[in-house]
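Trainee: To be precise about what I am sending: the file is called data25.csv and holds CSV, C-alpha atoms.
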chain,number,residue,atom,x,y,z
I,22,MET,CA,-4.3,-12.2,-5.6
I,23,ALA,CA,-6.1,-13.8,-2.7
I,24,ASP,CA,-8.3,-15.8,-5.2
I,25,VAL,CA,-5.2,-17.1,-7.0
I,26,PHE,CA,-3.7,-18.3,-3.7
I,27,ARG,CA,-7.0,-20.0,-2.7
I,28,GLY,CA,-7.2,-21.6,-6.1
I,29,ARG,CA,-3.7,-23.0,-5.5
I,30,GLY,CA,-4.8,-24.6,-2.2
I,31,CYS,CA,-3.5,-21.9,0.2
I,32,ASP,CA,-5.2,-20.7,3.3
I,33,VAL,CA,-5.5,-16.9,3.0
I,34,PHE,CA,-5.7,-14.4,5.9
I,35,GLN,CA,-6.2,-10.8,5.0
I,36,ALA,CA,-5.4,-8.0,7.5
I,37,GLY,CA,-6.0,-4.2,7.1
I,38,ILE,CA,-3.8,-1.9,9.2
I,39,GLU,CA,-6.1,0.9,10.4
I,40,PHE,CA,-4.7,4.4,10.7
I,41,THR,CA,-5.9,5.8,14.0
I,42,ASP,CA,-3.5,8.6,14.7
I,43,PRO,CA,-5.6,11.5,16.0
I,44,ARG,CA,-3.3,14.0,14.3
I,45,TYR,CA,-4.4,12.8,10.8
I,46,ALA,CA,-7.2,10.2,11.0
I,47,GLU,CA,-10.0,12.7,11.3
I,48,LYS,CA,-9.2,14.1,7.9
I,49,PHE,CA,-9.3,10.6,6.4
I,50,SER,CA,-12.7,9.8,8.1
I,51,ARG,CA,-14.7,11.6,5.4
I,52,PHE,CA,-14.9,11.3,1.6
I,53,PRO,CA,-14.7,13.3,-0.5
I,54,PHE,CA,-12.2,15.4,1.4
I,55,ARG,CA,-13.2,18.9,2.4
I,56,HIS,CA,-10.1,20.1,0.6
I,57,ALA,CA,-8.2,17.8,-1.7
I,58,VAL,CA,-4.8,19.4,-1.0
I,59,PHE,CA,-4.9,20.8,2.5
I,60,ASP,CA,-6.3,17.7,4.0
I,61,ILE,CA,-3.3,15.6,3.0
I,62,LEU,CA,-0.6,18.3,3.2
I,63,PRO,CA,0.0,17.8,7.0
I,64,LEU,CA,1.4,14.4,6.1
I,65,LEU,CA,4.1,15.8,3.9
I,66,SER,CA,6.7,16.5,6.6
I,67,PRO,CA,6.3,13.3,8.6
I,68,GLN,CA,6.3,11.3,5.5
I,69,LEU,CA,9.5,12.8,4.2
I,70,ARG,CA,11.0,12.2,7.6
I,71,ARG,CA,9.7,8.6,7.7
I,72,ARG,CA,7.8,9.1,10.9
I,73,THR,CA,5.5,6.5,12.5
I,74,GLY,CA,1.9,7.0,13.9
I,75,GLN,CA,-0.8,5.3,15.8
I,76,ILE,CA,-2.4,2.3,14.2
I,77,ARG,CA,-4.7,-0.6,15.1
I,78,ILE,CA,-3.4,-4.0,14.2
I,79,PRO,CA,-5.9,-6.9,13.6
I,80,ASP,CA,-5.3,-10.2,15.3
I,81,GLN,CA,-4.2,-11.9,12.0
I,82,ALA,CA,-1.3,-9.5,11.8
I,83,LYS,CA,-0.1,-9.9,15.4
I,84,ALA,CA,1.0,-13.5,15.2
I,85,GLY,CA,0.8,-16.5,12.9
I,86,ASP,CA,2.9,-19.3,11.5
I,87,TYR,CA,2.6,-18.1,7.9
I,88,ASP,CA,4.6,-19.5,5.0
I,89,LEU,CA,4.5,-16.2,3.1
I,90,VAL,CA,3.6,-12.6,4.0
I,91,CYS,CA,2.7,-10.2,1.2
I,92,PHE,CA,2.4,-6.5,2.0
I,93,GLY,CA,0.2,-4.1,0.1
I,94,SER,CA,2.1,-0.7,0.2
I,95,PRO,CA,0.4,2.6,-0.9
I,96,THR,CA,2.8,5.3,-1.9
I,97,TRP,CA,2.5,8.6,0.1
I,98,PHE,CA,4.8,11.4,-1.0
I,99,PHE,CA,7.1,8.9,-2.7
I,100,ARG,CA,7.5,6.8,0.4
I,101,THR,CA,5.8,3.9,2.2
I,102,SER,CA,2.6,5.1,3.8
I,103,MET,CA,2.8,5.9,7.5
I,104,PRO,CA,0.4,3.2,8.6
I,105,LEU,CA,2.4,0.4,6.9
I,106,ARG,CA,5.7,1.8,8.1
I,107,SER,CA,4.4,1.9,11.6
I,108,TYR,CA,3.4,-1.7,11.4
I,109,LEU,CA,6.7,-2.8,9.9
I,110,LYS,CA,8.5,-1.2,12.8
I,111,SER,CA,6.2,-2.9,15.4
I,112,ASP,CA,6.9,-5.8,17.7
I,113,GLU,CA,3.9,-7.6,16.1
I,114,ALA,CA,5.6,-7.4,12.7
I,115,ARG,CA,8.8,-8.9,14.2
I,116,ILE,CA,6.8,-11.8,15.5
I,117,VAL,CA,5.0,-12.5,12.2
I,118,LEU,CA,8.1,-12.0,10.0
I,119,ALA,CA,10.7,-13.8,12.0
I,120,GLY,CA,12.4,-16.2,9.6
I,121,LYS,CA,9.6,-15.9,7.1
I,122,PRO,CA,9.6,-15.0,3.3
I,123,PHE,CA,7.8,-11.9,2.4
I,124,ALA,CA,6.9,-10.0,-0.8
I,125,ALA,CA,5.3,-6.6,-1.5
I,126,TYR,CA,3.1,-4.9,-4.1
I,127,VAL,CA,3.4,-1.2,-4.4
I,128,VAL,CA,0.6,1.1,-5.5
I,129,CYS,CA,1.8,4.3,-7.0
I,130,ARG,CA,1.1,7.1,-9.5
I,131,ARG,CA,4.6,7.2,-10.9
I,132,TYR,CA,7.5,6.9,-8.5
I,133,TRP,CA,7.6,3.5,-6.7
I,134,SER,CA,11.2,2.4,-6.0
I,135,ILE,CA,11.7,4.3,-2.7
I,136,ASN,CA,8.5,2.7,-1.4
I,137,LEU,CA,9.5,-0.8,-2.3
I,138,LYS,CA,13.0,-0.4,-1.1
I,139,GLU,CA,11.7,0.8,2.3
I,140,VAL,CA,9.3,-2.1,2.7
I,141,ARG,CA,12.2,-4.5,1.8
I,142,LYS,CA,14.6,-2.8,4.3
I,143,LEU,CA,12.1,-2.7,7.2
I,144,GLY,CA,10.8,-6.2,6.6
I,145,THR,CA,14.4,-7.6,6.5
I,146,ALA,CA,15.3,-5.7,9.6
I,147,GLN,CA,12.5,-7.5,11.4
I,148,GLY,CA,13.8,-10.9,10.4
I,149,GLY,CA,12.0,-11.6,7.2
I,150,GLU,CA,13.4,-12.8,4.0
I,151,TYR,CA,12.5,-10.7,0.9
I,152,VAL,CA,11.5,-12.7,-2.1
I,153,ASP,CA,9.9,-10.4,-4.7
I,154,GLY,CA,8.0,-7.2,-5.4
I,155,ILE,CA,5.9,-5.6,-8.0
I,156,ARG,CA,4.3,-2.2,-8.7
I,157,PHE,CA,0.8,-1.3,-9.9
I,158,MET,CA,0.6,2.1,-11.4
I,159,TYR,CA,-2.1,4.8,-12.0
I,160,GLN,CA,-3.1,5.8,-15.5
I,161,GLY,CA,-1.7,9.0,-17.0
I,162,GLY,CA,1.7,10.7,-16.6
I,163,GLN,CA,2.9,12.4,-13.5
I,164,ILE,CA,0.9,15.6,-13.9
I,165,ARG,CA,-2.4,14.2,-15.3
I,166,SER,CA,-2.5,11.4,-12.8
I,167,LEU,CA,-2.0,13.9,-9.9
I,168,LEU,CA,-4.8,16.2,-11.2
I,169,SER,CA,-7.0,13.1,-11.6
I,170,LEU,CA,-6.3,12.0,-8.0
I,171,LEU,CA,-6.8,15.4,-6.5
I,172,SER,CA,-10.0,15.8,-8.4
I,173,TYR,CA,-11.3,12.5,-7.1
I,174,PHE,CA,-10.3,13.4,-3.5
I,175,GLY,CA,-12.2,16.7,-3.7
I,176,LYS,CA,-15.3,15.7,-5.7
I,177,GLY,CA,-15.6,12.0,-4.8
I,178,GLU,CA,-16.3,11.0,-8.4
I,179,MET,CA,-14.5,10.5,-11.7
I,180,ARG,CA,-14.3,13.6,-13.9
I,181,GLU,CA,-13.1,14.1,-17.5
I,182,ARG,CA,-11.3,17.4,-16.9
I,183,SER,CA,-9.6,19.3,-14.2
I,184,PHE,CA,-8.6,23.0,-14.6
I,185,GLY,CA,-9.6,22.5,-18.2
I,186,ILE,CA,-7.1,19.6,-18.8
I,187,LYS,CA,-8.4,16.3,-19.9
I,188,ILE,CA,-7.6,13.7,-17.2
I,189,PRO,CA,-7.7,9.9,-17.1
I,190,PRO,CA,-9.8,7.9,-14.7
I,191,THR,CA,-8.0,7.8,-11.3
I,192,ASN,CA,-6.7,4.6,-9.7
I,193,LEU,CA,-4.9,1.8,-11.4
I,194,LYS,CA,-4.4,0.9,-15.0
I,195,PRO,CA,-7.0,-1.6,-16.3
I,196,ASP,CA,-4.4,-4.4,-16.7
I,197,PHE,CA,-3.3,-4.4,-13.0
I,198,GLY,CA,-5.6,-7.4,-12.3
I,199,ASP,CA,-3.7,-9.5,-14.8
I,200,GLN,CA,-0.4,-8.4,-13.4
I,201,ALA,CA,-1.6,-9.2,-9.8
I,202,ARG,CA,-2.7,-12.7,-10.8
I,203,ALA,CA,0.5,-13.4,-12.5
I,204,PHE,CA,2.5,-12.1,-9.5
I,205,ALA,CA,0.4,-14.3,-7.1
I,206,ASP,CA,1.0,-17.4,-9.3
I,207,LYS,CA,4.7,-16.7,-9.3
I,208,LEU,CA,4.7,-16.4,-5.5
I,209,ALA,CA,2.6,-19.6,-5.1
I,210,ASP,CA,5.1,-21.5,-7.3
I,211,SER,CA,7.8,-20.5,-4.8
I,212,LEU,CA,5.9,-22.2,-2.0
I,213,GLY,CA,6.0,-25.6,-3.5
I,214,PRO,CA,3.2,-28.2,-3.9
I,215,HIS,CA,2.1,-28.2,-0.3
I,216,ARG,CA,-0.8,-26.3,1.2
I,217,ARG,CA,0.5,-22.9,2.5
I,218,SER,CA,-0.8,-19.8,4.0
I,219,PHE,CA,-0.6,-16.2,2.8
I,220,VAL,CA,-1.2,-12.9,4.5
I,221,PRO,CA,-1.7,-9.7,2.5
I,222,LYS,CA,-1.3,-6.6,4.7
I,223,GLY,CA,-1.6,-2.8,4.5
Would you encode the structure as structure tokens?

Mentor:
Amino acid sequence: MADVFRGRGCDVFQAGIEFTDPRYAEKFSRFPFRHAVFDILPLLSPQLRRRTGQIRIPDQAKAGDYDLVCFGSPTWFFRTSMPLRSYLKSDEARIVLAGKPFAAYVVCRRYWSINLKEVRKLGTAQGGEYVDGIRFMYQGGQIRSLLSLLSYFGKGEMRERSFGIKIPPTNLKPDFGDQARAFADKLADSLGPHRRSFVPKG
């Protein structure tokens, strides 16, 4: 997406929101995980309750007169991930989004609508104007994609089977790149012919 925007004459600033909360960050500091299930299970309750946590916000995401902001939003237990939710509720997000159009792309295994609706709601509450969203999905159905993801978390490599069940490669479907480029082109069209700036986050 960033390459598409640059090709359309945009200045692109990318900013990753770092998850530093001491209650959870240590488990994410190693890969593969010590235990694919129990290392992520502590996030279930706060995720379902839409809690926030400690994050580190890079300078590009603290202020800037951007013409468009695009959030990359992972899906954790059906909802927007805690790091991105924490940013979207921050004073820095209010400064960046005030009166600005924003879009979002959601990364998910299967269920994506709750995540996208939450990003839209939080961004709008901070003064942004939602313009569009898209989802990029993992390969396989709900069960096989879950087995594939947990296998990757636990082993750190792609495997063909888990518990004797044939599983697809984890991560996104092969055509997600084409979808992302088409989405970026559509967003760039909405900016008009002048040079604009774009900020992916999350």

Trainee: I:Asp42, I:Gly198, I:Lys110, I:Leu208: which is nearest I:Thr145, counting only C-alpha atoms?

Mentor: I:Lys110

Trainee: Can you pull out the residues contacting I:Glu181? Cut-off 12 Å, using all atoms listed in the file, and skip same-chain residues under 4 positions away; I want them as a compact mmCIF listing (two decimals) with C-alpha atoms, in the coordinates of the input.

Mentor:
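Output file selection_20.txt follows:
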# COMPACT_ATOMS: atom_id res chain seq x y z
CA ARG I 165 -2.40 14.20 -15.30
CA SER I 166 -2.50 11.40 -12.80
CA LEU I 168 -4.80 16.20 -11.20
CA SER I 169 -7.00 13.10 -11.60
CA LEU I 170 -6.30 12.00 -8.00
CA SER I 172 -10.00 15.80 -8.40
CA TYR I 173 -11.30 12.50 -7.10
CA GLY I 185 -9.60 22.50 -18.20
CA ILE I 186 -7.10 19.60 -18.80
CA LYS I 187 -8.40 16.30 -19.90
CA ILE I 188 -7.60 13.70 -17.20
CA PRO I 189 -7.70 9.90 -17.10
CA PRO I 190 -9.80 7.90 -14.70
CA THR I 191 -8.00 7.80 -11.30

Trainee: State, in Å with one decimal place, the distance from atom CA of I:Met22 to atom CA of I:Ala36.

Mentor: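 According to the coordinates, atom CA of I:Met22 and atom CA of I:Ala36 are separated by 13.8 Å.
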
Trainee: I'd like the neighbourhood of I:Ala84 as a PyMOL selection string, where a residue qualifies if any of its atoms comes within 8 Å (using only C-alpha atoms), though same-chain residues fewer than 4 positions away should be ignored.

Mentor: chain I and resi 80+113+116-117

Trainee: Store the residues picked out above, limited to C-alpha atoms, as a compact mmCIF listing (two decimals), in the frame of the given file.

Mentor:
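Once written, part33.txt looks like this:
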# COMPACT_ATOMS: atom_id res chain seq x y z
CA ASP I 80 -5.30 -10.20 15.30
CA GLU I 113 3.90 -7.60 16.10
CA ILE I 116 6.80 -11.80 15.50
CA VAL I 117 5.00 -12.50 12.20

Trainee: For a quick check of your reading of the model, name the residues lying within 10 Å of the coordinate (4.8, -2.4, 10.0), counting only C-alpha atoms, and write them as an MDAnalysis selection string.

Mentor: chainID I and resid 38 73 76 78 82 92 102:115 140 143:144 147 222:223

Trainee: Counting all atoms listed in the file, figure out which residue out of I:Pro95, I:Gly213, I:Pro53, I:Pro79 gets nearest to I:Asn192.

Mentor: I:Pro95

Trainee: Which residue, I:Asp210, I:Arg156, I:Leu171, I:Gly148, has the smallest gap to I:Phe59 when you use only C-alpha atoms?

Mentor: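 Nearest candidate to I:Phe59 out of I:Asp210, I:Arg156, I:Leu171, I:Gly148: I:Leu171.
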
Trainee: Neighbouring residues of I:Pro63 were defined as those with any atom within 12 Å, considering only C-alpha atoms; residues of the same chain fewer than 4 positions away were excluded. Please report them as a tab-separated table (two decimals) with C-alpha atoms, in the frame of the given file.

Mentor:
chain	number	residue	atom	x	y	z
I	44	ARG	CA	-3.30	14.00	14.30
I	45	TYR	CA	-4.40	12.80	10.80
I	46	ALA	CA	-7.20	10.20	11.00
I	48	LYS	CA	-9.20	14.10	7.90
I	49	PHE	CA	-9.30	10.60	6.40
I	57	ALA	CA	-8.20	17.80	-1.70
I	58	VAL	CA	-4.80	19.40	-1.00
I	59	PHE	CA	-4.90	20.80	2.50
I	67	PRO	CA	6.30	13.30	8.60
I	68	GLN	CA	6.30	11.30	5.50
I	69	LEU	CA	9.50	12.80	4.20
I	97	TRP	CA	2.50	8.60	0.10
I	98	PHE	CA	4.80	11.40	-1.00

Trainee: For a test of reading the model, state the distance in Å between atom CA of I:Ala119 and atom CA of I:Tyr87, rounded to one decimal.

Mentor: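 Rounded to one decimal, the two atoms are 10.0 Å apart.
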
Trainee: Which residue out of I:Leu212, I:Ala205, I:Ile61, I:Leu167 has the minimum interatomic distance to I:Lys121 when only C-alpha atoms are used?

Mentor: I:Leu212

Trainee: Skip I:Tyr126 itself and residues of its chain fewer than 3 positions away, then list as an MDAnalysis selection string all residues within 12 Å of it, counting all atoms listed in the file.

Mentor: chainID I and resid 22 90:96 101 123 129 133:134 136:138 140:141 152:158 197 200:202 204:205 208 221:223

Trainee: Using all atoms listed in the file, can you tell me which of I:Arg180, I:Phe54, I:Gly74, I:Leu193 comes closest to I:Gly161?

Mentor: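 Selected residue with least distance to I:Gly161: I:Leu193.
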
Trainee: Would you compute the distance between atom CA of I:Gln163 and atom CA of I:Leu64? Give it in Å to one decimal.

Mentor: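 Computing the Euclidean distance for atom CA of I:Gln163 and atom CA of I:Leu64 yields 19.8 Å.
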
Trainee: Compile the contact shell of I:Arg55 as number ranges by chain: residues with an atom at most 8 Å away, counting all atoms listed in the file, same-chain residues fewer than 3 positions apart removed.

Mentor: I: 52, 60, 175

Trainee: Closest to I:Ala125 among I:Asp196, I:Glu139, I:Asp32, I:Glu178, using all atoms listed in the file?

Mentor: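 When distances to I:Ala125 are compared using all atoms listed in the file, the smallest one comes from I:Glu139.
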
Trainee: Counting all atoms listed in the file, write as a list of chain:residue names all protein and nucleic acid residues lying at most 10 Å from (-7.0, -17.0, -5.4) in the file's frame.

Mentor: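 Final list of nearby residues, as requested, is I:Met22, I:Ala23, I:Asp24, I:Val25, I:Phe26, I:Arg27, I:Gly28, I:Arg29, I:Gly30, I:Cys31, I:Asp32, I:Val33, I:Arg202, I:Ala205, I:Asp206, I:Ala209.
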